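Undergrad: Quick one: structure below, then a few questions.
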Amino acid sequence: MSISRPSWPSRLLAATAYLGAGALVIAILPLERPFVLRHARVALTLHLARAVITTTLLLLLAAARASFELTLAMRVAIAVACSLLAGVPWAPGLDRSLLLIPLLAAAAIWLLSLAGLAIALSGHTADIRGFLNADWPEHTVAPVPQPASEPTRGLDARTLWEQRLARMWEAARVAMAERQRRQRMTELEAQIQAVHARLAHLRQLLGLGELSLGQFGEAEHALLQYLTALQRELAAWTQRHPITQPAPSPPAVMTTLPLAELVMLTVIDLSGTPAFTWGHFPLDEALTAGMMSALDALAEEMFGAPVQKTALAEGAVVSVVRGECTRLVAWFDGDPSPVQLRELQRYVEEFERANAAVLASLPVDPSRIVAPSLPLTPG
């Protein structure tokens, strides 16, 4: 296997680092060549060591002189500056006895710099860190383990492949569960908005008289229960809790209005005789007419007004609509709305116009009655 050597430009740069202040210049330049930077660090260390040693020796020798004049101080300062810049402690006119020892120390370190320069030109590095930290074992090094045989290697590869497949399936399962969670949360939020819109619509119908207060109360109760279930399930999905009780199906009031169905009705003349009957009353018509007359008289005596509507068992409601010559008693399976009662009022008026001649003489002959079409279609 061939070993690549640094290029000649890199070798020359590394060698330049050992000359004067070249190491500082190379350290400042934005170079990304480990070979050059490693030699520059070694050269910079040598330059600093040379400058510190020569400067210390110059100062010690100058301080040891008996007479220390200003001229001598200036020359020593020049020698110190030359040591820092060029690595040579020299100044013109300075006594040789002062320069001999610092020059010898500088020359010794310059020999190291020249050795580093030669190593840099040869394309090698002095690995001082590896030399100082060499660790030779005392015992025999354990043999390098041999590569696994082909069957074992194939088994390991299959195990790794199965583990990777298991992780992929698990990731796909988690992603699918997250998509289902997001989809269900979106459905719940849309259903909650639909419930609020339905409540607002029912309140509008209540204000218009399309619904009675009792019908609205039952519808509102069913919708609020459904809304609570939706919000509870949405909170569980949001907080990632297990869904113990999912929301039920939407109540019928979400799509249909809770209108009361007309089950039966009868028209009674002023004498209490049933003139027209539709449907089948659970009581005899004559008995019903008598009971309504007695109930009217009792209510008018007690409250100053006749009966308008009476609630019976199992949610049934009996409404009474009065005309000039007749009274209409209607049986609903729930609380009728004001609009339904107004339809019955118009029916009574139309009934009296169509049978004005028959209703003029009492008691009324039911066989001569002409009944208009019913205003409310049952069921």
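The way I read the labels, and the way they are meant: chains A, B, ... in the order of the structure tokens, residue 1 as the first residue of every chain, and ligand 1 as the first ligand shown, with later ones counted on from there.
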So which residues touch Leu234 in chain A within 12 Å, counting only C-alpha atoms, skipping near sequence neighbours fewer than 6 positions away, as JSON, numbers by chain?
TA: {"A": [181, 182, 183, 184, 185, 186, 187, 188, 189, 190, 191, 192, 227, 228, 240, 241, 242, 243, 245, 246, 247]}
Undergrad: Convert the current residue selection to file output with N, CA and C atoms, as a JSON list (two decimals), in the first residue's frame.
TA:
[["chain", "number", "residue", "atom", "x", "y", "z"],
["A", 181, "ARG", "N", -56.30, 8.66, 14.26],
["A", 181, "ARG", "CA", -56.59, 9.57, 15.38],
["A", 181, "ARG", "C", -56.92, 10.97, 14.86],
["A", 182, "ARG", "N", -56.11, 11.48, 13.94],
["A", 182, "ARG", "CA", -56.37, 12.81, 13.38],
["A", 182, "ARG", "C", -57.70, 12.84, 12.63],
["A", 183, "GLN", "N", -57.99, 11.80, 11.88],
["A", 183, "GLN", "CA", -59.24, 11.75, 11.13],
["A", 183, "GLN", "C", -60.45, 11.75, 12.07],
["A", 184, "ARG", "N", -60.36, 10.95, 13.14],
["A", 184, "ARG", "CA", -61.48, 10.90, 14.09],
["A", 184, "ARG", "C", -61.64, 12.23, 14.81],
["A", 185, "MET", "N", -60.53, 12.89, 15.14],
["A", 185, "MET", "CA", -60.63, 14.20, 15.80],
["A", 185, "MET", "C", -61.28, 15.22, 14.86],
["A", 186, "THR", "N", -60.94, 15.17, 13.57],
["A", 186, "THR", "CA", -61.57, 16.08, 12.61],
["A", 186, "THR", "C", -63.07, 15.81, 12.51],
["A", 187, "GLU", "N", -63.46, 14.52, 12.48],
["A", 187, "GLU", "CA", -64.89, 14.19, 12.43],
["A", 187, "GLU", "C", -65.62, 14.69, 13.67],
["A", 188, "LEU", "N", -65.01, 14.51, 14.85],
["A", 188, "LEU", "CA", -65.65, 14.95, 16.08],
["A", 188, "LEU", "C", -65.80, 16.48, 16.11],
["A", 189, "GLU", "N", -64.77, 17.19, 15.66],
["A", 189, "GLU", "CA", -64.87, 18.66, 15.65],
["A", 189, "GLU", "C", -65.97, 19.12, 14.69],
["A", 190, "ALA", "N", -66.07, 18.47, 13.52],
["A", 190, "ALA", "CA", -67.13, 18.83, 12.58],
["A", 190, "ALA", "C", -68.50, 18.52, 13.15],
["A", 191, "GLN", "N", -68.63, 17.39, 13.87],
["A", 191, "GLN", "CA", -69.92, 17.04, 14.46],
["A", 191, "GLN", "C", -70.30, 17.99, 15.58],
["A", 192, "ILE", "N", -69.32, 18.44, 16.36],
["A", 192, "ILE", "CA", -69.59, 19.41, 17.42],
["A", 192, "ILE", "C", -70.09, 20.72, 16.82],
["A", 227, "LEU", "N", -73.75, 16.31, 22.60],
["A", 227, "LEU", "CA", -72.59, 17.21, 22.57],
["A", 227, "LEU", "C", -71.60, 16.87, 23.67],
["A", 228, "THR", "N", -72.09, 16.53, 24.86],
["A", 228, "THR", "CA", -71.20, 16.15, 25.96],
["A", 228, "THR", "C", -70.41, 14.90, 25.62],
["A", 240, "ARG", "N", -54.60, 11.60, 24.18],
["A", 240, "ARG", "CA", -54.10, 10.25, 23.91],
["A", 240, "ARG", "C", -54.45, 9.26, 25.01],
["A", 241, "HIS", "N", -55.66, 9.40, 25.55],
["A", 241, "HIS", "CA", -56.15, 8.46, 26.54],
["A", 241, "HIS", "C", -56.92, 7.34, 25.84],
["A", 242, "PRO", "N", -57.03, 6.18, 26.46],
["A", 242, "PRO", "CA", -57.82, 5.11, 25.84],
["A", 242, "PRO", "C", -59.30, 5.49, 25.78],
["A", 243, "ILE", "N", -59.95, 5.12, 24.67],
["A", 243, "ILE", "CA", -61.36, 5.46, 24.46],
["A", 243, "ILE", "C", -62.20, 4.36, 25.11],
["A", 245, "GLN", "N", -65.47, 4.93, 26.19],
["A", 245, "GLN", "CA", -66.88, 5.09, 25.82],
["A", 245, "GLN", "C", -66.97, 6.04, 24.62],
["A", 246, "PRO", "N", -67.02, 5.49, 23.41],
["A", 246, "PRO", "CA", -67.13, 6.37, 22.24],
["A", 246, "PRO", "C", -68.48, 7.08, 22.18],
["A", 247, "ALA", "N", -68.54, 8.15, 21.43],
["A", 247, "ALA", "CA", -69.78, 8.91, 21.30],
["A", 247, "ALA", "C", -70.83, 8.07, 20.58]]
Undergrad: Do you know which residues are at most 10 Å from Arg327 in chain A counting only C-alpha atoms, after dropping those on the same chain fewer than 4 positions away, and could you put them as a PyMOL selection string?
TA: chain A and resi 266-270+272+274-275+289+292-293+320-323+345+348
Undergrad: Could you turn the residues from that selection into a file that holds C-alpha atoms, as a JSON list (two decimals), in the first residue's frame?
TA:
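What ended up in selection.json:
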[["chain", "number", "residue", "atom", "x", "y", "z"],
["A", 266, "THR", "CA", -113.41, 16.30, 16.79],
["A", 267, "VAL", "CA", -115.54, 19.38, 16.18],
["A", 268, "ILE", "CA", -118.26, 20.05, 18.77],
["A", 269, "ASP", "CA", -121.16, 22.49, 18.33],
["A", 270, "LEU", "CA", -122.40, 24.87, 21.01],
["A", 272, "GLY", "CA", -122.04, 19.81, 23.00],
["A", 274, "PRO", "CA", -119.96, 16.12, 18.06],
["A", 275, "ALA", "CA", -120.46, 17.45, 14.52],
["A", 289, "ALA", "CA", -117.59, 16.51, 24.60],
["A", 292, "MET", "CA", -114.58, 19.28, 27.78],
["A", 293, "SER", "CA", -117.69, 21.37, 28.48],
["A", 320, "VAL", "CA", -108.85, 23.11, 22.28],
["A", 321, "VAL", "CA", -109.46, 25.66, 19.51],
["A", 322, "ARG", "CA", -112.59, 27.79, 19.69],
["A", 323, "GLY", "CA", -114.61, 29.29, 16.87],
["A", 345, "GLN", "CA", -107.62, 27.84, 14.13],
["A", 348, "VAL", "CA", -112.11, 25.87, 12.45]]
Undergrad: Can you pull out every residue within 10 Å of Gly116 in chain A, counting only C-alpha atoms, but drop anything in the same chain fewer than 5 positions away, and send it as an MDAnalysis selection string?
TA: chainID A and resid 14:15 17:18 39:40 42:43 46 110:111 121:122 124:126
Undergrad: Export all heavy atoms of the chosen residues as a compact mmCIF listing (two decimals), in the first residue's frame?
TA:
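In the end it all went to again03.txt:
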# COMPACT_ATOMS: atom_id res chain seq x y z
N ALA A 14 5.77 24.63 5.34
CA ALA A 14 6.15 24.10 6.65
C ALA A 14 7.60 24.45 6.98
O ALA A 14 7.93 24.76 8.14
CB ALA A 14 5.96 22.59 6.66
N ALA A 15 8.51 24.43 5.97
CA ALA A 15 9.91 24.79 6.22
C ALA A 15 10.05 26.27 6.54
O ALA A 15 10.87 26.66 7.37
CB ALA A 15 10.77 24.40 5.01
N ALA A 17 8.07 28.03 8.19
CA ALA A 17 7.66 28.29 9.57
C ALA A 17 8.82 28.28 10.54
O ALA A 17 8.76 28.91 11.61
CB ALA A 17 6.61 27.24 9.99
N TYR A 18 9.93 27.60 10.19
CA TYR A 18 11.08 27.53 11.10
C TYR A 18 12.02 28.72 10.94
O TYR A 18 13.02 28.82 11.67
CB TYR A 18 11.85 26.23 10.86
CG TYR A 18 11.08 25.00 11.28
CD1 TYR A 18 10.35 24.27 10.36
CD2 TYR A 18 11.09 24.59 12.61
CE1 TYR A 18 9.63 23.15 10.74
CE2 TYR A 18 10.37 23.47 13.01
CZ TYR A 18 9.63 22.75 12.07
OH TYR A 18 8.93 21.63 12.46
N HIS A 39 3.70 21.50 11.73
CA HIS A 39 5.07 22.04 11.74
C HIS A 39 5.08 23.48 12.25
O HIS A 39 6.02 23.89 12.94
CB HIS A 39 5.68 21.97 10.34
CG HIS A 39 6.30 20.65 10.03
ND1 HIS A 39 7.48 20.22 10.59
CD2 HIS A 39 5.87 19.63 9.23
CE1 HIS A 39 7.79 19.02 10.14
NE2 HIS A 39 6.81 18.63 9.30
N ALA A 40 4.03 24.26 11.91
CA ALA A 40 4.00 25.65 12.37
C ALA A 40 3.88 25.71 13.89
O ALA A 40 4.50 26.58 14.54
CB ALA A 40 2.82 26.38 11.72
N VAL A 42 5.02 23.41 16.02
CA VAL A 42 6.34 23.05 16.56
C VAL A 42 7.32 24.21 16.41
O VAL A 42 8.07 24.56 17.35
CB VAL A 42 6.87 21.79 15.85
CG1 VAL A 42 8.30 21.47 16.30
CG2 VAL A 42 5.96 20.60 16.13
N ALA A 43 7.35 24.87 15.24
CA ALA A 43 8.26 25.99 15.00
C ALA A 43 7.95 27.16 15.93
O ALA A 43 8.86 27.81 16.47
CB ALA A 43 8.18 26.43 13.54
N LEU A 46 9.37 26.47 19.29
CA LEU A 46 10.81 26.69 19.33
C LEU A 46 11.16 28.17 19.36
O LEU A 46 12.07 28.62 20.10
CB LEU A 46 11.47 26.02 18.12
CG LEU A 46 11.41 24.48 18.09
CD1 LEU A 46 11.99 23.95 16.79
CD2 LEU A 46 12.16 23.88 19.28
N TRP A 110 18.41 27.01 17.51
CA TRP A 110 18.35 27.12 16.05
C TRP A 110 18.70 25.79 15.39
O TRP A 110 18.19 25.47 14.31
CB TRP A 110 19.31 28.21 15.56
CG TRP A 110 18.63 29.54 15.40
CD1 TRP A 110 18.77 30.63 16.18
CD2 TRP A 110 17.69 29.88 14.38
NE1 TRP A 110 17.98 31.66 15.75
CE2 TRP A 110 17.30 31.23 14.61
CE3 TRP A 110 17.14 29.22 13.31
CZ2 TRP A 110 16.39 31.89 13.81
CZ3 TRP A 110 16.24 29.89 12.50
CH2 TRP A 110 15.86 31.20 12.75
N LEU A 111 19.56 25.01 16.03
CA LEU A 111 19.85 23.70 15.50
C LEU A 111 18.58 22.83 15.47
O LEU A 111 18.35 22.09 14.51
CB LEU A 111 20.95 23.01 16.34
CG LEU A 111 22.35 23.62 16.22
CD1 LEU A 111 23.33 22.91 17.16
CD2 LEU A 111 22.86 23.52 14.77
N LEU A 121 10.99 19.53 4.91
CA LEU A 121 11.28 19.39 3.49
C LEU A 121 11.22 17.92 3.04
O LEU A 121 10.90 17.63 1.88
CB LEU A 121 12.67 19.97 3.19
CG LEU A 121 12.77 21.50 3.27
CD1 LEU A 121 14.20 21.94 3.04
CD2 LEU A 121 11.84 22.16 2.25
N SER A 122 11.49 17.01 3.96
CA SER A 122 11.43 15.59 3.59
C SER A 122 10.00 15.05 3.57
O SER A 122 9.77 13.91 3.17
CB SER A 122 12.27 14.76 4.58
OG SER A 122 11.70 14.84 5.89
N HIS A 124 8.02 14.68 6.32
CA HIS A 124 7.67 13.94 7.53
C HIS A 124 7.32 14.93 8.65
O HIS A 124 7.51 16.14 8.52
CB HIS A 124 8.84 13.05 7.98
CG HIS A 124 9.14 11.95 7.02
ND1 HIS A 124 9.92 12.14 5.88
CD2 HIS A 124 8.78 10.63 7.01
CE1 HIS A 124 10.02 11.00 5.21
NE2 HIS A 124 9.34 10.07 5.88
N THR A 125 6.81 14.36 9.72
CA THR A 125 6.53 15.16 10.92
C THR A 125 7.14 14.46 12.11
O THR A 125 7.16 13.23 12.19
CB THR A 125 5.02 15.31 11.15
OG1 THR A 125 4.43 14.01 11.24
CG2 THR A 125 4.37 16.09 10.02
N ALA A 126 7.61 15.26 13.07
CA ALA A 126 8.14 14.70 14.32
C ALA A 126 6.99 14.54 15.29
O ALA A 126 6.51 15.51 15.88
CB ALA A 126 9.21 15.63 14.90
Undergrad: Neighbouring residues of range 351-361 of chain A were defined as those with any atom within 9 Å, considering only C-alpha atoms; residues of the same chain fewer than 2 positions away were excluded. Please report them as a PyMOL selection string.
TA: chain A and resi 269-270+275+323-326+346-349+363-366+368-372
Undergrad: What does the distance from CA of Ala235 in chain A to CA of Ala177 in chain A come to in Å, to one decimal?
TA: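 One can read the CA of Ala235 in chain A to CA of Ala177 in chain A distance as 16.8 Å.
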